[in-house]
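Here is upload-v6.txt, consisting of compact mmCIF, C-alpha atoms:
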```
# COMPACT_ATOMS: atom_id res chain seq x y z
CA MET M 1 -102.40 114.78 -50.38
CA SER M 2 -102.42 117.52 -52.78
CA THR M 3 -100.37 120.12 -54.41
CA GLU M 4 -100.57 121.60 -51.19
CA ILE M 5 -103.66 122.69 -49.68
CA LEU M 6 -102.98 125.61 -47.36
CA ILE M 7 -105.62 126.74 -44.98
CA ALA M 8 -104.02 129.24 -42.65
CA ASP M 9 -104.00 132.96 -43.31
CA PRO M 10 -101.06 133.72 -45.60
CA LEU M 11 -101.31 137.41 -45.57
CA THR M 12 -99.08 138.82 -42.86
CA PRO M 13 -95.34 138.58 -43.48
CA SER M 14 -94.48 138.55 -39.78
CA SER M 15 -92.01 136.03 -38.46
CA ALA M 16 -90.74 134.71 -35.17
CA ARG M 17 -87.43 133.09 -34.43
CA VAL M 18 -87.67 129.63 -32.92
CA ARG M 19 -84.71 127.65 -31.71
CA TYR M 20 -84.66 123.97 -30.82
CA VAL M 21 -81.79 122.23 -29.06
CA SER M 22 -81.60 118.48 -29.52
CA GLU M 23 -78.78 116.04 -28.76
CA GLY M 24 -76.03 118.61 -28.75
CA LYS M 25 -77.13 120.26 -32.01
CA ARG M 26 -78.87 123.52 -32.62
CA VAL M 27 -81.40 124.06 -35.37
CA ASP M 28 -82.52 127.60 -36.04
CA SER M 29 -85.64 128.21 -38.05
CA GLN M 30 -87.86 131.13 -38.92
CA ARG M 31 -91.60 130.55 -38.80
CA GLU M 32 -93.57 132.79 -41.06
CA SER M 33 -97.28 133.48 -40.71
CA HIS M 34 -98.27 132.57 -44.22
CA PRO M 35 -100.68 129.95 -45.63
CA ARG M 36 -99.74 126.46 -44.57
CA ASP M 37 -99.49 123.24 -46.23
CA ALA M 38 -102.74 120.81 -48.77
CA ALA M 39 -101.21 120.51 -52.06
CA HIS M 40 -99.52 120.25 -53.26
CA GLU M 41 -99.34 118.05 -50.31
CA LEU M 42 -102.50 115.32 -50.12
CA ALA M 43 -102.11 116.63 -51.74
CA ASP M 44 -98.49 118.29 -50.51
CA GLY M 45 -97.56 120.52 -53.34
CA PRO M 46 -96.20 123.36 -51.47
CA ASP M 47 -96.44 124.00 -47.81
CA ASP M 48 -96.34 127.74 -47.52
CA ALA M 49 -93.92 130.54 -47.28
CA ASP M 50 -93.31 134.07 -48.32
CA GLY M 51 -91.54 134.70 -51.57
CA ALA M 52 -89.29 137.22 -49.87
CA GLY M 53 -88.07 134.66 -47.35
CA GLN M 54 -84.65 133.07 -47.65
CA GLY M 55 -84.06 129.31 -47.33
CA ARG M 56 -82.00 128.22 -44.34
CA GLY M 57 -80.16 125.01 -43.63
CA GLN M 58 -79.09 123.70 -40.26
CA ASP M 59 -76.77 125.96 -38.32
CA ALA M 60 -73.21 124.74 -38.40
CA GLU M 61 -72.41 125.87 -34.87
CA ALA M 62 -72.52 123.41 -32.02
CA ALA M 63 -74.77 124.21 -29.13
CA ALA M 64 -74.55 123.41 -25.47
CA PRO M 65 -76.07 120.03 -24.68
CA THR M 66 -78.44 121.47 -22.12
CA THR M 67 -81.76 123.08 -22.98
CA THR M 68 -82.40 126.51 -21.49
CA PRO M 69 -85.77 127.30 -19.87
CA ALA M 70 -86.66 129.63 -22.76
CA VAL M 71 -86.00 126.90 -25.30
CA ALA M 72 -87.90 124.30 -23.31
CA ALA M 73 -90.90 126.61 -23.18
CA THR M 74 -91.11 126.87 -26.96
CA ARG M 75 -90.24 123.28 -27.84
CA PRO M 76 -93.28 121.33 -29.14
CA SER M 77 -94.31 118.16 -27.34
CA LEU M 78 -93.58 114.77 -28.87
CA PHE M 79 -97.31 114.27 -29.41
CA SER M 80 -97.62 117.53 -31.37
CA ASP M 81 -94.56 116.59 -33.43
CA TYR M 82 -96.19 113.34 -34.53
CA ILE M 83 -99.38 115.22 -35.35
CA GLN M 84 -97.36 117.73 -37.37
CA LEU M 85 -95.85 114.86 -39.37
CA THR M 86 -99.29 114.11 -40.80
CA LYS M 87 -99.76 117.65 -42.17
CA PRO M 88 -102.95 118.22 -40.16
CA ARG M 89 -104.18 121.22 -42.15
CA ILE M 90 -104.21 119.19 -45.33
CA VAL M 91 -105.89 116.29 -43.52
CA THR M 92 -108.55 118.68 -42.22
CA MET M 93 -109.33 119.94 -45.73
CA ILE M 94 -109.51 116.36 -47.01
CA LEU M 95 -111.96 115.45 -44.25
CA VAL M 96 -114.17 118.40 -45.18
CA THR M 97 -114.31 117.23 -48.79
CA THR M 98 -114.90 113.65 -47.62
CA VAL M 99 -117.98 114.70 -45.64
CA ALA M 100 -119.34 116.68 -48.61
CA SER M 101 -118.74 113.87 -51.12
CA ALA M 102 -120.31 111.27 -48.80
CA MET M 103 -123.42 113.42 -48.34
CA ILE M 104 -123.68 113.99 -52.08
CA ALA M 105 -123.45 110.25 -52.76
CA ALA M 106 -125.97 109.39 -50.03
CA GLY M 107 -128.35 112.25 -50.82
CA GLY M 108 -128.16 113.38 -47.20
CA TRP M 109 -126.39 112.70 -43.91
CA ILE M 110 -125.12 109.17 -43.39
CA ALA M 111 -125.24 107.40 -40.01
CA THR M 112 -123.06 109.18 -37.46
CA LEU M 113 -121.07 106.06 -36.55
CA ASP M 114 -120.43 105.32 -40.22
CA MET M 115 -119.27 108.89 -40.74
CA LEU M 116 -116.87 108.62 -37.80
CA TRP M 117 -115.36 105.39 -39.17
CA LEU M 118 -115.02 107.02 -42.61
CA LEU M 119 -113.31 110.10 -41.21
CA MET M 120 -110.98 107.99 -39.07
CA GLY M 121 -109.89 105.75 -41.93
CA THR M 122 -109.50 108.65 -44.36
CA ALA M 123 -107.54 110.76 -41.85
CA MET M 124 -105.11 107.92 -41.17
CA VAL M 125 -104.42 107.21 -44.86
CA ALA M 126 -104.08 110.93 -45.66
CA GLY M 127 -101.91 111.54 -42.59
CA SER M 128 -99.65 108.65 -43.55
CA ALA M 129 -99.13 110.17 -47.01
CA GLY M 130 -98.19 113.51 -45.44
CA ALA M 131 -95.73 111.82 -43.08
CA ALA M 132 -94.18 109.79 -45.91
CA ASN M 133 -93.73 113.02 -47.88
CA GLN M 134 -91.86 114.58 -44.95
CA ILE M 135 -89.67 111.49 -44.56
CA TRP M 136 -88.75 111.64 -48.25
CA GLU M 137 -87.99 115.38 -48.16
CA ARG M 138 -86.39 115.61 -44.71
CA ARG M 139 -83.00 116.73 -46.05
CA ILE M 140 -84.46 119.24 -48.52
CA ASP M 141 -86.63 120.64 -45.73
CA CYS M 142 -83.47 121.70 -43.88
CA ASN M 143 -82.82 124.23 -46.67
CA MET M 144 -86.16 126.04 -46.55
CA THR M 145 -87.22 128.57 -43.93
CA ARG M 146 -90.79 127.37 -43.85
CA THR M 147 -89.91 123.70 -43.32
CA ALA M 148 -86.63 123.73 -41.34
CA SER M 149 -88.50 123.51 -38.03
CA ARG M 150 -90.45 120.39 -38.99
CA PRO M 151 -89.94 117.42 -36.64
CA LEU M 152 -87.56 115.43 -38.85
CA PRO M 153 -85.16 118.16 -40.07
CA ALA M 154 -85.12 119.63 -36.55
CA GLU M 155 -84.31 116.13 -35.24
CA ARG M 156 -87.09 116.11 -32.68
CA VAL M 157 -88.38 112.85 -34.22
CA LYS M 158 -86.03 110.07 -35.33
CA LEU M 159 -86.29 108.44 -38.76
CA LEU M 160 -87.13 104.84 -37.73
CA PRO M 161 -90.04 105.78 -35.41
CA ALA M 162 -91.36 108.08 -38.14
CA ILE M 163 -91.29 105.26 -40.69
CA LEU M 164 -93.07 102.85 -38.34
CA TYR M 165 -95.67 105.50 -37.50
CA THR M 166 -96.27 106.18 -41.20
CA ALA M 167 -96.66 102.49 -42.02
CA ALA M 168 -99.02 101.90 -39.09
CA LEU M 169 -101.28 104.76 -40.14
CA VAL M 170 -101.74 103.60 -43.73
CA VAL M 171 -102.23 99.92 -42.78
CA ILE M 172 -104.76 100.63 -40.01
CA GLY M 173 -106.56 103.31 -42.04
CA THR M 174 -106.90 101.04 -45.06
CA ALA M 175 -108.09 98.16 -42.87
CA ILE M 176 -110.80 100.37 -41.37
CA LEU M 177 -112.04 101.38 -44.81
CA VAL M 178 -112.15 97.78 -46.05
CA TRP M 179 -113.85 96.55 -42.87
CA GLN M 180 -116.53 99.21 -42.78
CA PHE M 181 -117.09 100.16 -46.42
CA GLY M 182 -115.56 97.56 -48.72
CA TYR M 183 -112.74 97.67 -51.21
CA ALA M 184 -113.71 100.69 -53.36
CA PRO M 185 -112.90 103.47 -50.85
CA ALA M 186 -109.86 101.55 -49.61
CA LEU M 187 -108.49 101.23 -53.15
CA ALA M 188 -109.07 104.94 -53.71
CA GLY M 189 -107.07 105.62 -50.55
CA VAL M 190 -104.20 103.33 -51.54
CA ALA M 191 -104.11 104.84 -55.05
CA THR M 192 -103.94 108.31 -53.51
CA TRP M 193 -101.09 107.28 -51.20
CA LEU M 194 -99.05 105.67 -53.96
CA LEU M 195 -99.53 108.57 -56.37
CA TYR M 196 -98.73 111.20 -53.78
CA VAL M 197 -95.73 109.52 -52.17
CA LEU M 198 -94.09 107.52 -54.98
CA VAL M 199 -94.88 109.70 -58.00
CA TYR M 200 -95.64 113.27 -56.97
CA THR M 201 -93.01 113.64 -54.23
CA PRO M 202 -89.96 112.66 -56.34
CA MET M 203 -91.31 114.65 -59.30
CA LYS M 204 -91.10 117.89 -57.31
CA THR M 205 -87.35 118.15 -57.92
CA ARG M 206 -87.52 117.00 -61.56
CA THR M 207 -90.34 118.66 -63.47
CA ALA M 208 -92.98 121.36 -63.09
CA TRP M 209 -95.54 118.74 -64.16
CA ASN M 210 -95.50 117.68 -60.52
CA THR M 211 -98.30 120.21 -60.00
CA THR M 212 -100.62 118.24 -62.26
CA VAL M 213 -99.82 114.93 -60.57
CA GLY M 214 -100.17 116.55 -57.15
CA ALA M 215 -103.54 118.02 -58.12
CA VAL M 216 -104.85 114.57 -59.05
CA ALA M 217 -103.44 113.03 -55.87
CA GLY M 218 -105.05 115.79 -53.84
CA ALA M 219 -108.43 115.23 -55.48
CA LEU M 220 -108.70 111.43 -55.40
CA PRO M 221 -109.64 111.28 -51.68
CA VAL M 222 -113.05 112.61 -52.74
CA LEU M 223 -113.74 109.15 -54.15
CA MET M 224 -113.11 107.63 -50.73
CA GLY M 225 -116.07 109.50 -49.27
CA TYR M 226 -118.20 109.15 -52.39
CA THR M 227 -117.83 105.37 -52.77
CA ALA M 228 -118.07 104.73 -49.02
CA ALA M 229 -121.56 106.29 -49.01
CA GLY M 230 -122.87 104.18 -51.88
CA GLY M 231 -121.63 106.04 -54.95
CA GLY M 232 -120.26 104.06 -57.87
CA ILE M 233 -116.62 104.33 -58.93
CA GLY M 234 -117.78 105.11 -62.48
CA ASP M 235 -120.39 107.75 -61.59
CA TRP M 236 -120.11 111.08 -63.39
CA THR M 237 -120.85 112.90 -60.14
CA GLY M 238 -117.90 111.34 -58.36
CA TRP M 239 -115.44 112.19 -61.11
CA LEU M 240 -116.80 115.72 -61.46
CA LEU M 241 -116.08 116.17 -57.75
CA VAL M 242 -112.55 114.95 -58.40
CA ALA M 243 -112.28 117.45 -61.27
CA VAL M 244 -113.45 120.30 -59.02
CA LEU M 245 -110.76 119.50 -56.45
CA ALA M 246 -108.04 119.05 -59.07
CA ALA M 247 -108.93 122.27 -60.91
CA TRP M 248 -109.11 124.27 -57.69
CA GLN M 249 -105.54 123.34 -56.81
CA TYR M 250 -104.10 125.15 -59.84
CA PRO M 251 -104.97 128.74 -58.87
CA HIS M 252 -104.50 127.88 -55.20
CA PHE M 253 -101.06 126.43 -55.63
CA MET M 254 -99.83 128.85 -58.29
CA ALA M 255 -100.36 131.66 -55.80
CA ILE M 256 -98.33 129.75 -53.22
CA ALA M 257 -95.66 128.81 -55.74
CA TRP M 258 -95.24 132.48 -56.61
CA LEU M 259 -94.99 133.61 -52.98
CA TYR M 260 -92.45 130.87 -52.21
CA ARG M 261 -90.61 130.94 -55.51
CA ARG M 262 -87.25 131.91 -53.99
CA GLN M 263 -87.35 129.21 -51.36
CA TYR M 264 -88.46 126.59 -53.89
CA GLY M 265 -85.60 127.57 -56.17
CA GLU M 266 -83.02 127.49 -53.38
CA ALA M 267 -84.20 124.05 -52.25
CA GLY M 268 -84.11 122.65 -55.79
CA PHE M 269 -87.85 122.22 -56.35
CA CYS M 270 -88.98 122.45 -59.96
CA MET M 271 -92.14 124.57 -59.95
CA SER M 272 -93.82 126.65 -62.63
CA THR M 273 -92.59 129.81 -60.93
CA THR M 274 -88.97 128.62 -60.87
CA VAL M 275 -89.02 127.32 -64.47
CA ASP M 276 -90.77 130.50 -65.68
CA PRO M 277 -89.91 133.32 -63.24
CA SER M 278 -91.99 135.79 -65.28
CA GLY M 279 -95.18 134.29 -63.80
CA ARG M 280 -96.88 133.98 -67.20
CA SER M 281 -97.17 130.19 -66.97
CA ALA M 282 -98.47 130.33 -63.39
CA GLY M 283 -101.01 132.96 -64.39
CA ALA M 284 -102.27 130.97 -67.37
CA GLN M 285 -102.63 127.83 -65.26
CA SER M 286 -104.52 129.79 -62.62
CA ILE M 287 -107.02 131.05 -65.19
CA ALA M 288 -107.45 127.58 -66.70
CA GLY M 289 -108.09 126.06 -63.28
CA SER M 290 -110.59 128.76 -62.35
CA ILE M 291 -112.55 128.25 -65.58
CA ALA M 292 -112.51 124.47 -65.10
CA ILE M 293 -113.83 124.59 -61.55
CA LEU M 294 -116.61 126.95 -62.67
CA GLY M 295 -117.70 124.59 -65.45
CA CYS M 296 -117.54 121.47 -63.26
CA SER M 297 -119.45 123.19 -60.47
CA VAL M 298 -122.29 124.15 -62.81
CA ALA M 299 -122.36 120.60 -64.18
CA LEU M 300 -122.70 119.23 -60.65
CA CYS M 301 -125.67 121.54 -60.10
CA VAL M 302 -127.37 120.35 -63.31
CA ILE M 303 -126.77 116.57 -63.06
CA PRO M 304 -129.16 115.82 -60.14
CA GLY M 305 -132.10 116.95 -62.28
CA GLY M 306 -135.17 117.99 -60.36
CA SER M 307 -136.90 121.33 -60.66
CA ILE M 308 -135.68 123.84 -63.21
CA PRO M 309 -135.77 126.73 -60.70
CA GLY M 310 -133.56 124.70 -58.30
CA THR M 311 -131.09 123.94 -61.05
CA ILE M 312 -130.92 127.58 -62.15
CA ILE M 313 -130.53 128.93 -58.61
CA ALA M 314 -127.76 126.46 -57.75
CA SER M 315 -125.94 127.09 -61.05
CA VAL M 316 -126.04 130.87 -60.61
CA ALA M 317 -124.82 130.50 -57.03
CA ALA M 318 -121.91 128.34 -58.21
CA ILE M 319 -120.96 130.94 -60.84
CA PHE M 320 -121.00 133.72 -58.25
CA ALA M 321 -118.92 131.58 -55.88
CA CYS M 322 -116.26 130.89 -58.54
CA TYR M 323 -116.13 134.36 -60.06
CA PRO M 324 -113.87 136.02 -57.42
CA MET M 325 -111.15 133.41 -57.96
CA LEU M 326 -111.41 133.74 -61.74
CA ARG M 327 -111.12 137.51 -61.48
CA ALA M 328 -108.14 137.20 -59.12
CA SER M 329 -106.50 134.72 -61.51
CA ILE M 330 -106.88 137.13 -64.43
CA ARG M 331 -105.40 139.97 -62.39
CA PHE M 332 -102.52 137.79 -61.21
CA SER M 333 -101.82 136.74 -64.80
CA ALA M 334 -101.76 140.36 -65.91
CA THR M 335 -99.65 141.54 -62.98
CA PRO M 336 -97.77 138.64 -61.36
CA ASP M 337 -96.57 140.06 -58.07
CA ASP M 338 -96.88 139.22 -54.37
CA VAL M 339 -99.92 141.47 -53.85
CA MET M 340 -101.93 139.80 -56.63
CA ALA M 341 -100.75 136.34 -55.54
CA ARG M 342 -102.00 136.94 -52.00
CA LYS M 343 -105.36 138.10 -53.28
CA LEU M 344 -105.60 134.98 -55.43
CA LEU M 345 -104.68 132.77 -52.49
CA ARG M 346 -107.25 134.45 -50.27
CA SER M 347 -110.01 134.00 -52.84
CA SER M 348 -109.10 130.34 -53.39
CA LEU M 349 -109.53 129.59 -49.70
CA LEU M 350 -113.14 130.75 -49.91
CA VAL M 351 -114.15 129.23 -53.25
CA LEU M 352 -113.79 125.51 -52.51
CA PRO M 353 -115.94 125.36 -49.35
CA ALA M 354 -118.54 127.59 -51.04
CA VAL M 355 -118.77 125.34 -54.11
CA LEU M 356 -118.94 122.16 -52.02
CA ALA M 357 -121.69 123.67 -49.86
CA ILE M 358 -123.74 124.69 -52.91
CA VAL M 359 -123.40 121.29 -54.60
CA THR M 360 -124.17 119.44 -51.36
CA VAL M 361 -127.30 121.47 -50.67
CA ARG M 362 -128.41 121.11 -54.29
CA THR M 363 -128.01 117.31 -54.07
CA VAL M 364 -129.65 116.66 -50.72
CA LEU M 365 -132.67 118.96 -51.16
```
Can you turn what I pasted into structure tokens?
Amino acid sequence: MSTEILIADPLTPSSARVRYVSEGKRVDSQRESHPRDAAHELADGPDDADGAGQGRGQDAEAAAPTTTPAVAATRPSLFSDYIQLTKPRIVTMILVTTVASAMIAAGGWIATLDMLWLLMGTAMVAGSAGAANQIWERRIDCNMTRTASRPLPAERVKLLPAILYTAALVVIGTAILVWQFGYAPALAGVATWLLYVLVYTPMKTRTAWNTTVGAVAGALPVLMGYTAAGGGIGDWTGWLLVAVLAAWQYPHFMAIAWLYRRQYGEAGFCMSTTVDPSGRSAGAQSIAGSIAILGCSVALCVIPGGSIPGTIIASVAAIFACYPMLRASIRFSATPDDVMARKLLRSSLLVLPAVLAIVTVRTVL
């Protein structure tokens, strides 16, 4: 649930042709080894793709109704298709932030069984949002190289089972959160789902402001972990954690939006890099996000109070952790090209876990 949180290595523009044969139809897709979709997804924002790639729809040719051994060997299993529907990389990143926010709220590790229930409920709600996003965009996904091989556009999963699966995940996940932790984390999860699926997803084809909405949707799951571990919904710490996640998504996603700008444009998505192809807007937003995450990170190091040396050490560590992304954002703004965008993306993948680790250690010690 985010403007797309990508976790995989985006940096090698290699590709492999993959062909799926299903019910007498052939779907050709090109899988590129680039960063994969957080957020905007769960945020979704963008999944990932190389700016040089060209969007592809479904092949118009008919294929033989039988599947060759080579095709069968590369075809994903039905189980893996349903896992892919949930956008597992984004879910993984959300679970990492959930653990950190829960530990910050509790001032240490919470009971293992409680943590497992929290992760299960959060994963199901987040996975449902990712699946709902793919259901909504299944036709658009046919037109983009990076998404044409997803289960729905490739017709490996039918629409009705996907809808039932999505509904079951969000209902069961929400029930787990209410049962184990009360209404606050469950409401945070439902708010995230509604914002991501019903507001952010349709906005992607209408306005570049979808990035802002996706950033908020991608950050709200932090409150699920924070409130489940005893934090209050109105606590400054909880909302500063939300601000860190939201701010981080700007430089992270602007790098992705630049690399995938051609595919986004061909598919009809309205992103900063398609509205302003010069990259100036994307660069400015990257710098603003980098400065915001630096300020919020330092504030999170100061709020717990305690010894002055501990506060200073944690604050300096947070500044050093954020600086590479700020520097990469400035360079990308000055020279918006694929090389600078990849450097910015690489730095963003390191900054968030580093900041969360520093704030968590500062809180629990």
Answer as a VMD selection string, residues within 8 Å of (-96.0, 132.0, -56.7) using only C-alpha atoms: chain M and resid 51 253 to 261 273 279 282 338 341
Of M:Pro202, M:Pro185, M:Gly108, M:Pro304, the one nearest to Glu137 (chain M) when counting only C-alpha atoms is M:Pro202
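Contact shell of Ala184 (chain M) at 12 Å (only C-alpha atoms; same-chain neighbours under 4 positions omitted): Thr174, Leu177, Val178, Trp179, Gln180, Ala188, Gly189, Val190, Ala191, Pro221, Val222, Leu223, Met224, Gly225, Tyr226, Thr227, Ala228, Ala229, Gly230, Gly231, Gly232, Ile233 and Gly234 of chain M.
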May I have the residues from that selection written out with C-alpha atoms, as a PDB file, keeping the file's coordinate frame?
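Saved to selection.pdb:
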```
ATOM      1  CA  THR M 174    -106.900 101.040 -45.060  1.00  0.00           C
ATOM      2  CA  LEU M 177    -112.040 101.380 -44.810  1.00  0.00           C
ATOM      3  CA  VAL M 178    -112.150  97.780 -46.050  1.00  0.00           C
ATOM      4  CA  TRP M 179    -113.850  96.550 -42.870  1.00  0.00           C
ATOM      5  CA  GLN M 180    -116.530  99.210 -42.780  1.00  0.00           C
ATOM      6  CA  ALA M 188    -109.070 104.940 -53.710  1.00  0.00           C
ATOM      7  CA  GLY M 189    -107.070 105.620 -50.550  1.00  0.00           C
ATOM      8  CA  VAL M 190    -104.200 103.330 -51.540  1.00  0.00           C
ATOM      9  CA  ALA M 191    -104.110 104.840 -55.050  1.00  0.00           C
ATOM     10  CA  PRO M 221    -109.640 111.280 -51.680  1.00  0.00           C
ATOM     11  CA  VAL M 222    -113.050 112.610 -52.740  1.00  0.00           C
ATOM     12  CA  LEU M 223    -113.740 109.150 -54.150  1.00  0.00           C
ATOM     13  CA  MET M 224    -113.110 107.630 -50.730  1.00  0.00           C
ATOM     14  CA  GLY M 225    -116.070 109.500 -49.270  1.00  0.00           C
ATOM     15  CA  TYR M 226    -118.200 109.150 -52.390  1.00  0.00           C
ATOM     16  CA  THR M 227    -117.830 105.370 -52.770  1.00  0.00           C
ATOM     17  CA  ALA M 228    -118.070 104.730 -49.020  1.00  0.00           C
ATOM     18  CA  ALA M 229    -121.560 106.290 -49.010  1.00  0.00           C
ATOM     19  CA  GLY M 230    -122.870 104.180 -51.880  1.00  0.00           C
ATOM     20  CA  GLY M 231    -121.630 106.040 -54.950  1.00  0.00           C
ATOM     21  CA  GLY M 232    -120.260 104.060 -57.870  1.00  0.00           C
ATOM     22  CA  ILE M 233    -116.620 104.330 -58.930  1.00  0.00           C
ATOM     23  CA  GLY M 234    -117.780 105.110 -62.480  1.00  0.00           C
TER      24      GLY M 234
END
```
Exercise. Quote the spacing between CA of Cys322 (chain M) and CA of Leu294 (chain M) in Å to one decimal place.
Key: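 Those two atoms sit 5.7 Å apart.
Residues in contact range of Ser281 (chain M), defined as at most 12 Å between all atoms listed in the file, with sequence neighbours fewer than 3 positions away removed, read Ala208, Trp209, Tyr250, Pro251, Met254, Ala255, Ala257, Trp258, Met271, Ser272, Thr273, Thr274, Val275, Asp276, Pro277, Ser278, Ala284, Gln285, Ser286, Ile287, Ala288, Ser329, Phe332, Ser333, Ala334 and Pro336 of chain M.
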query: Could you list as JSON, numbers by chain every residue that has an atom within 7 Å of (-100.0, 113.8, -60.0), using the file's coordinates and counting only C-alpha atoms?
result: {"M": [195, 196, 199, 200, 210, 211, 212, 213, 214, 215, 216, 217]}
_Please report the interatomic distance between CA of Ala126 (chain M) and CA of Gly218 (chain M) in Å with one decimal._
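Distance reported for this atom pair: 9.6 Å.
What separates CA of Ser80 (chain M) from CA of Val99 (chain M) is a distance of 25.0 Å.
Distances from M:Ile312, M:Val359, M:Val242, M:Ala328 to Ser297 (chain M) were compared using all atoms listed in the file, and the smallest one belongs to M:Val359.
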Do you know which residues are at most 12 Å from Ala168 (chain M) counting only C-alpha atoms, after dropping those on the same chain fewer than 2 positions away, and could you put them as a short mmCIF file (atom, residue, chain, number, x, y, z; two decimals) with C-alpha atoms, in the coordinates of the input?
```
data_model
loop_
_atom_site.label_atom_id
_atom_site.label_comp_id
_atom_site.auth_asym_id
_atom_site.auth_seq_id
_atom_site.Cartn_x
_atom_site.Cartn_y
_atom_site.Cartn_z
CA GLY M 121 -109.89 105.75 -41.93
CA MET M 124 -105.11 107.92 -41.17
CA VAL M 125 -104.42 107.21 -44.86
CA GLY M 127 -101.91 111.54 -42.59
CA SER M 128 -99.65 108.65 -43.55
CA ALA M 129 -99.13 110.17 -47.01
CA ALA M 131 -95.73 111.82 -43.08
CA ALA M 132 -94.18 109.79 -45.91
CA PRO M 161 -90.04 105.78 -35.41
CA ALA M 162 -91.36 108.08 -38.14
CA ILE M 163 -91.29 105.26 -40.69
CA LEU M 164 -93.07 102.85 -38.34
CA TYR M 165 -95.67 105.50 -37.50
CA THR M 166 -96.27 106.18 -41.20
CA VAL M 170 -101.74 103.60 -43.73
CA VAL M 171 -102.23 99.92 -42.78
CA ILE M 172 -104.76 100.63 -40.01
CA GLY M 173 -106.56 103.31 -42.04
CA THR M 174 -106.90 101.04 -45.06
CA ALA M 175 -108.09 98.16 -42.87
#
```
- Of the listed residues M:Leu220, M:Met103, M:Ala167, M:Met325, that which approaches Thr192 (chain M) most closely, counting only C-alpha atoms: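 Among M:Leu220, M:Met103, M:Ala167, M:Met325, it is M:Leu220 that comes nearest to Thr192 (chain M).
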Restore all heavy atoms in region 199-203 of chain M and list the result as an mmCIF file, in the frame of the given file.
```cif
data_model
loop_
_atom_site.group_PDB
_atom_site.id
_atom_site.type_symbol
_atom_site.label_atom_id
_atom_site.label_comp_id
_atom_site.auth_asym_id
_atom_site.auth_seq_id
_atom_site.Cartn_x
_atom_site.Cartn_y
_atom_site.Cartn_z
ATOM 1 N N VAL M 199 -94.949 109.013 -56.708
ATOM 2 C CA VAL M 199 -94.880 109.700 -58.000
ATOM 3 C C VAL M 199 -94.722 111.202 -57.808
ATOM 4 O O VAL M 199 -93.744 111.798 -58.274
ATOM 5 C CB VAL M 199 -96.132 109.399 -58.861
ATOM 6 C CG1 VAL M 199 -96.019 110.093 -60.218
ATOM 7 C CG2 VAL M 199 -96.301 107.892 -59.049
ATOM 8 N N TYR M 200 -95.675 111.810 -57.124
ATOM 9 C CA TYR M 200 -95.640 113.270 -56.970
ATOM 10 C C TYR M 200 -94.417 113.768 -56.211
ATOM 11 O O TYR M 200 -93.743 114.709 -56.647
ATOM 12 C CB TYR M 200 -96.915 113.727 -56.262
ATOM 13 C CG TYR M 200 -96.822 115.107 -55.688
ATOM 14 C CD1 TYR M 200 -96.794 116.226 -56.513
ATOM 15 C CD2 TYR M 200 -96.737 115.305 -54.316
ATOM 16 C CE1 TYR M 200 -96.686 117.501 -55.990
ATOM 17 C CE2 TYR M 200 -96.637 116.576 -53.782
ATOM 18 C CZ TYR M 200 -96.611 117.673 -54.620
ATOM 19 O OH TYR M 200 -96.495 118.926 -54.095
ATOM 20 N N THR M 201 -94.112 113.143 -55.068
ATOM 21 C CA THR M 201 -93.010 113.640 -54.230
ATOM 22 C C THR M 201 -91.674 113.669 -54.965
ATOM 23 O O THR M 201 -90.998 114.703 -54.976
ATOM 24 C CB THR M 201 -92.920 112.830 -52.928
ATOM 25 O OG1 THR M 201 -94.142 112.985 -52.186
ATOM 26 C CG2 THR M 201 -91.765 113.298 -52.068
ATOM 27 N N PRO M 202 -91.239 112.577 -55.614
ATOM 28 C CA PRO M 202 -89.960 112.660 -56.340
ATOM 29 C C PRO M 202 -90.011 113.575 -57.559
ATOM 30 O O PRO M 202 -88.972 114.114 -57.984
ATOM 31 C CB PRO M 202 -89.679 111.209 -56.748
ATOM 32 C CG PRO M 202 -90.991 110.509 -56.668
ATOM 33 C CD PRO M 202 -91.753 111.178 -55.589
ATOM 34 N N MET M 203 -91.210 113.775 -58.131
ATOM 35 C CA MET M 203 -91.310 114.650 -59.300
ATOM 36 C C MET M 203 -91.052 116.108 -58.947
ATOM 37 O O MET M 203 -90.704 116.909 -59.828
ATOM 38 C CB MET M 203 -92.703 114.536 -59.924
ATOM 39 C CG MET M 203 -92.927 113.285 -60.761
ATOM 40 S SD MET M 203 -94.583 113.253 -61.501
ATOM 41 C CE MET M 203 -94.466 114.598 -62.697
#
```
